[in-house]
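A quick write-up on the structure given underneath.
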Amino acid sequence: MLVKILSYLQDHATALKWVFFAFLLGAVGNDFLVERHHAHFWGDKLIGFWALFALFGCLGMIVFCKGLSHVWLAQPEDYYDRKEDEDAE
Amino acid sequence: MLSSTIFLHPASYFIVGAILLGFFGRIKIVQKVILLAVPLLAFWQIHALPESFGVCNFMGFELIFGRVDKLTYVFLHVFTLMALIGAVYCLHVKETGHHMAAFLYVAGSLGTTLAGDYLTVFIFWELMAFASVFLIWYRKKKRSIEAGYRYLLVHTAGGLVLLAGIFLRYQNCHDLSFAQIAANGATTADYLIMIGFMLNAAVPPIHAWLPDAYPEATVAGAVFMCAFTTKTAVYVLARAFPGFEALAIMGAIMTLYGVGYAVIENDARRILAYHIVSQVGYMVCGIGIGTAMAVNGACAHAYAHILYKALLFMGVGAVLEMTGTCKLNELGGLYKRMPLAMIFTVIGGIAISGFPLTSGFISKSMIIAAAGADHRVVLMLMLSLAAVGTFLSVGIKLPYFIWFGKDSGVEAKEAPWNMNLAMLGAAFMCIFLGVYPEYLYKMLPFAVEYHPYSAYHISETLQILGFTGLGFYLMVKYLHPDPKCNLDVDWFYRKGALAFMWLARKPISRANDWVGEVYRTVGMRFTMAVARALSWFDWEGIDWAVDNSARGVVEAGDQVRALQTGKIQQYIGGAVIALMIVLLVVVFL
């Protein structure tokens, strides 16, 4: 049954997308209404601060980590094994 | 008196259980009963522990095997619960040695948690390292054997630093009681002990053993390992070093370091392993902040984290068991074939991301709020950013590329019933704690005044989760997993070891050959002359006297040779058994 529901949702991905966008609007809209008497710093007083923080944090993290991996960290999967074999010869 | 208290100690249940498992190696049904009964018994037993027990005098040192307070209790509670879940998960495993290693590993963790002095801590600390390495070796692949040796070497080095700290401490103040150390009076000895503990907590730059070893462990072994080593380290740090500024800063760095690698890794179990570094960072940071709320948060997070991280390791382990791979680039679209495992893994994913009504929501936020309440805005923002990365890497990326995404066509069916049952148990706890946080809060070491379900916290969480999701949606095509190996600081010792091996093989071996050559040409003649002289003396004088004893030596030598199988695993196993016997004798007498 679960498989059917998920397959149905996958077939209606466009509708799902709009539900997701509506949720995002709702999340920011809700931020206008909540009380904030426990503000820890200036960001807690700005409406929608955490939405922007999450969006730019997420994009920044992807760009930074993927970029660093691409230019430096990523090596072939047998990186450590291969050198060993060369040495053994 | 002590022989009666040994039956109080939950670790002794697991040690006796491990021995019994060995005896009933052929009778699987008895083995299964032991596997379930021992953790159940221990889970029940910890409620009945007195505040102090098992105190004994050993060569002038006072060893305290049992010290129980609220901080101990919350960790004992989750460790024994996790031992039960893990035992259910590995019921189908056939190797007796695997079960024994798992039980001894749990015993080490419980023993460390209950220890009241540094010597006892050290004994159980090493037991943990030695027992857990077998959980890697039982995978029986070349990579696992190698990773196991690296794991063992790194932990031995860490253990030696810890031991050096303990010795130095004894020299300084003749006091080995394991208690809180004041941050302003800490000496070199204390910092050495702290480094020993930090190695097990996987604090960068001494963290690389974790993402190196855990992905190479057995399916069930990784479930045990992700729960015990790092969280025992969190316990000992919380016991001895709350309020150390270094921990607060390192912890916050850890959260981002681990999550950064989790974003780029391809192997699902390596993603989860890096993500342990990130999650333990929250706890280390909480301990470093050191306020009542922060330490509470660290304990609560350790409790919640053990359950959902084990759940994720179980879910991904089920995929590995059924498909033979857990690399994201080879998976996709599995929801049709393993829907149960998918539900459980997704529950683990939303719990770790801190969705409302899950355990992550009520534990992680406590540490972030404690950082805010202590006016540590930079720490708070770093922890919040790590929360974004958590949802991105483990909450969305991992389930998306395994269960959804492009259908890989990998053949799979549902995991065995016991695996699913264990996952059900952990998933239940993740939601139960989210719905009923008081269950966890009333176990914490300090009184809790924190209310997670405030309107502002919910609003903040919904925004963070929603807009992280938007970020993923926008960037999904850049996030495609590549089959790559990402460098980390283990490069230094893995490449360093290769350089050392080269040195041993090329120059040193050449020098050795040269010395051999010199010996053959020069030394040989001299030796032969001496030998002739000696043989004359031998023949004439001693031979008849020694003849009989020589035969005896030859026979004894043959017997010893039979013991020397040349397998270091067996030597270490033998050493551990010998250690256990010594320990039992010490406790009993």
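Labeling convention for the structure tokens: chains A, B, ... as they appear, residues from 1 per chain, ligands from 1 in order of appearance.
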
Chain A residues near chain B within 8 Å, closest pair each, using only C-alpha atoms, as a tab-separated table:
```
residue	atom	partner	partner_atom	distance
A:Leu2	CA	B:Pro339	CA	7.3
A:Val3	CA	B:Lys336	CA	5.6
A:Phe23	CA	B:Gly466	CA	7.5
A:Leu24	CA	B:Gly466	CA	5.9
A:Ala27	CA	B:Gln463	CA	5.6
A:Val28	CA	B:Gln463	CA	6.6
A:Asn30	CA	B:Ser459	CA	6.7
A:Asp31	CA	B:Ser459	CA	6.0
A:Val34	CA	B:Tyr456	CA	5.8
A:Glu35	CA	B:Tyr456	CA	6.5
A:Arg36	CA	B:Tyr456	CA	6.2
A:His40	CA	B:Gly372	CA	5.3
A:Phe41	CA	B:Val377	CA	7.0
A:Gly48	CA	B:Gln463	CA	7.6
A:Trp50	CA	B:Ile464	CA	5.7
A:Ala51	CA	B:Gln463	CA	4.7
A:Leu52	CA	B:Phe467	CA	7.5
A:Phe53	CA	B:Ile464	CA	7.5
A:Ala54	CA	B:Ile464	CA	5.0
A:Leu55	CA	B:Phe467	CA	5.0
A:Phe56	CA	B:Gly471	CA	7.8
A:Gly57	CA	B:Leu385	CA	6.4
A:Cys58	CA	B:Thr468	CA	5.7
A:Leu59	CA	B:Gly471	CA	5.8
A:Met61	CA	B:Gly260	CA	7.2
A:Ile62	CA	B:Val263	CA	7.2
A:Cys65	CA	B:Gly260	CA	6.0
A:Lys66	CA	B:Ile264	CA	6.1
A:Ser69	CA	B:Asn486	CA	6.9
A:Leu73	CA	B:Leu487	CA	4.8
A:Ala74	CA	B:Asn486	CA	4.5
A:Gln75	CA	B:Cys485	CA	5.1
A:Pro76	CA	B:Lys484	CA	5.2
A:Glu77	CA	B:Cys485	CA	4.7
A:Asp78	CA	B:Cys485	CA	7.6
A:Tyr79	CA	B:Cys485	CA	7.1
A:Tyr80	CA	B:Arg494	CA	7.6
A:Glu84	CA	B:Leu498	CA	7.2
A:Asp87	CA	B:Trp502	CA	7.3
```

Within 10 Å of segment 352-361 of chain B, counting only C-alpha atoms, which residues qualify if same-chain residues fewer than 4 places away don't, as an MDAnalysis selection string?
chainID B and resid 275 279 300:301 303:305 307:309 312 346:348 365:366 386:396 427:437 440 452:453 457:458 461:462 464:465

Name the residues of segment 345-469 of chain B that fall into helix (DSSP H, G or I) according to DSSP on the backbone, using the chain letters and numbers of this document, as a VMD selection string.
chain B and resid 345 to 353 359 to 373 377 to 403 417 to 435 438 to 441 455 to 469

Using only C-alpha atoms, pick whichever of B:Gly116, B:Pro399, B:Gly165, B:Gly108 has the shortest atom-to-atom distance to Phe130 of chain B.
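Going through B:Gly116, B:Pro399, B:Gly165, B:Gly108 one by one, the smallest distance to Phe130 of chain B is for B:Gly108.
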
Using only C-alpha atoms, determine which residues lie at most 7 Å from segment 205-214 of chain B, disregarding the query and same-chain residues fewer than 4 positions distant; provide the list as a ChimeraX atom specification.
/B:147-148,151,154,199,222,270,273-274,488-490

Separation of atom CA of Ala157 of chain B and atom CA of Gly290 of chain B, in Å?
28.1 Å

Using only C-alpha atoms, which protein or nucleic acid residues come within 6 Å of Tyr105 of chain B? Drop anything in the same chain fewer than 3 positions from it, and give the result as a list in words.
Ala101, Ala102, Gly108, Met128, Ala131 and Ser132 of chain B

Selection file, N, CA, C and O atoms, as a PDB file, in the first residue's frame:
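part-v4.pdb, written as the output of this step:
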```
ATOM      1  N   ALA B 101      32.443 -10.727  20.832  1.00  0.00           N
ATOM      2  CA  ALA B 101      33.111  -9.423  20.736  1.00  0.00           C
ATOM      3  C   ALA B 101      32.128  -8.311  21.083  1.00  0.00           C
ATOM      4  O   ALA B 101      32.462  -7.380  21.820  1.00  0.00           O
ATOM      5  N   ALA B 102      30.902  -8.419  20.566  1.00  0.00           N
ATOM      6  CA  ALA B 102      29.905  -7.380  20.828  1.00  0.00           C
ATOM      7  C   ALA B 102      29.613  -7.290  22.327  1.00  0.00           C
ATOM      8  O   ALA B 102      29.533  -6.195  22.896  1.00  0.00           O
ATOM      9  N   GLY B 108      32.825  -3.428  28.245  1.00  0.00           N
ATOM     10  CA  GLY B 108      33.840  -2.388  28.398  1.00  0.00           C
ATOM     11  C   GLY B 108      33.202  -1.026  28.574  1.00  0.00           C
ATOM     12  O   GLY B 108      33.599  -0.227  29.432  1.00  0.00           O
ATOM     13  N   MET B 128      37.268  -2.151  25.606  1.00  0.00           N
ATOM     14  CA  MET B 128      36.389  -1.662  24.540  1.00  0.00           C
ATOM     15  C   MET B 128      37.101  -1.649  23.193  1.00  0.00           C
ATOM     16  O   MET B 128      36.578  -2.119  22.197  1.00  0.00           O
ATOM     17  N   ALA B 131      37.901  -5.329  22.019  1.00  0.00           N
ATOM     18  CA  ALA B 131      36.731  -6.118  21.632  1.00  0.00           C
ATOM     19  C   ALA B 131      36.136  -5.584  20.331  1.00  0.00           C
ATOM     20  O   ALA B 131      35.739  -6.347  19.454  1.00  0.00           O
ATOM     21  N   SER B 132      36.118  -4.238  20.196  1.00  0.00           N
ATOM     22  CA  SER B 132      35.411  -3.686  19.041  1.00  0.00           C
ATOM     23  C   SER B 132      36.164  -3.940  17.740  1.00  0.00           C
ATOM     24  O   SER B 132      35.551  -4.022  16.677  1.00  0.00           O
TER      25      SER B 132
END
```

Mind listing the strand (DSSP E or B) residues of segment 33-184 of chain B, per DSSP on the backbone, as a compact mmCIF listing (two decimals) with N, CA and C atoms, in the first residue's frame?
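Saved as part-v6.txt:
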```txt
# COMPACT_ATOMS: atom_id res chain seq x y z
N SER B 52 27.34 3.08 45.50
CA SER B 52 28.74 2.70 45.39
C SER B 52 28.87 1.22 45.71
N PHE B 53 29.64 0.51 44.89
CA PHE B 53 29.85 -0.92 45.16
C PHE B 53 31.13 -1.36 44.47
N GLY B 54 31.57 -2.56 44.82
CA GLY B 54 32.74 -3.13 44.16
C GLY B 54 34.01 -2.34 44.42
N VAL B 55 34.18 -1.83 45.65
CA VAL B 55 35.42 -1.13 45.98
C VAL B 55 36.43 -2.15 46.48
N CYS B 56 37.63 -2.18 45.89
CA CYS B 56 38.61 -3.14 46.37
C CYS B 56 40.00 -2.55 46.31
N ASN B 57 40.87 -3.16 47.07
CA ASN B 57 42.23 -2.66 47.16
C ASN B 57 43.14 -3.55 46.36
N PHE B 58 43.87 -2.95 45.42
CA PHE B 58 44.75 -3.74 44.57
C PHE B 58 46.12 -3.09 44.57
N PHE B 61 46.26 0.47 45.47
CA PHE B 61 45.34 1.37 44.78
C PHE B 61 43.91 1.00 45.14
N GLU B 62 43.09 2.01 45.31
CA GLU B 62 41.68 1.72 45.56
C GLU B 62 40.95 1.69 44.22
N LEU B 63 40.47 0.52 43.84
CA LEU B 63 39.70 0.40 42.59
C LEU B 63 38.22 0.48 42.92
N ILE B 64 37.50 1.31 42.18
CA ILE B 64 36.05 1.43 42.41
C ILE B 64 35.34 0.98 41.14
N PHE B 65 34.75 -0.19 41.19
CA PHE B 65 34.10 -0.73 40.00
C PHE B 65 32.69 -0.19 39.81
N GLY B 66 32.09 0.31 40.87
CA GLY B 66 30.73 0.82 40.73
C GLY B 66 30.54 2.15 41.43
N ARG B 67 30.19 3.17 40.67
CA ARG B 67 29.84 4.47 41.25
C ARG B 67 28.63 4.95 40.43
N ASP B 117 37.43 5.24 39.43
CA ASP B 117 38.83 5.68 39.47
C ASP B 117 39.45 5.45 38.10
N SER B 177 41.06 9.22 41.84
CA SER B 177 39.60 9.17 41.78
C SER B 177 39.12 9.92 40.54
```

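Near Val280 of chain B, within 9 Å and counting only C-alpha atoms, sit Ala201, Ala202, Val203, Thr230, Lys231, Val234, Gly251, Met254, Thr255, Ala298, His301, Ala302 and His305 of chain B, not including residues fewer than 6 positions from it in the same chain.
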
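Residue nearest Gly43 of chain A within the list B:Val378, B:Ala240, B:Met250, B:Ile577: B:Val378 [criterion: smallest interatomic distance, only C-alpha atoms].
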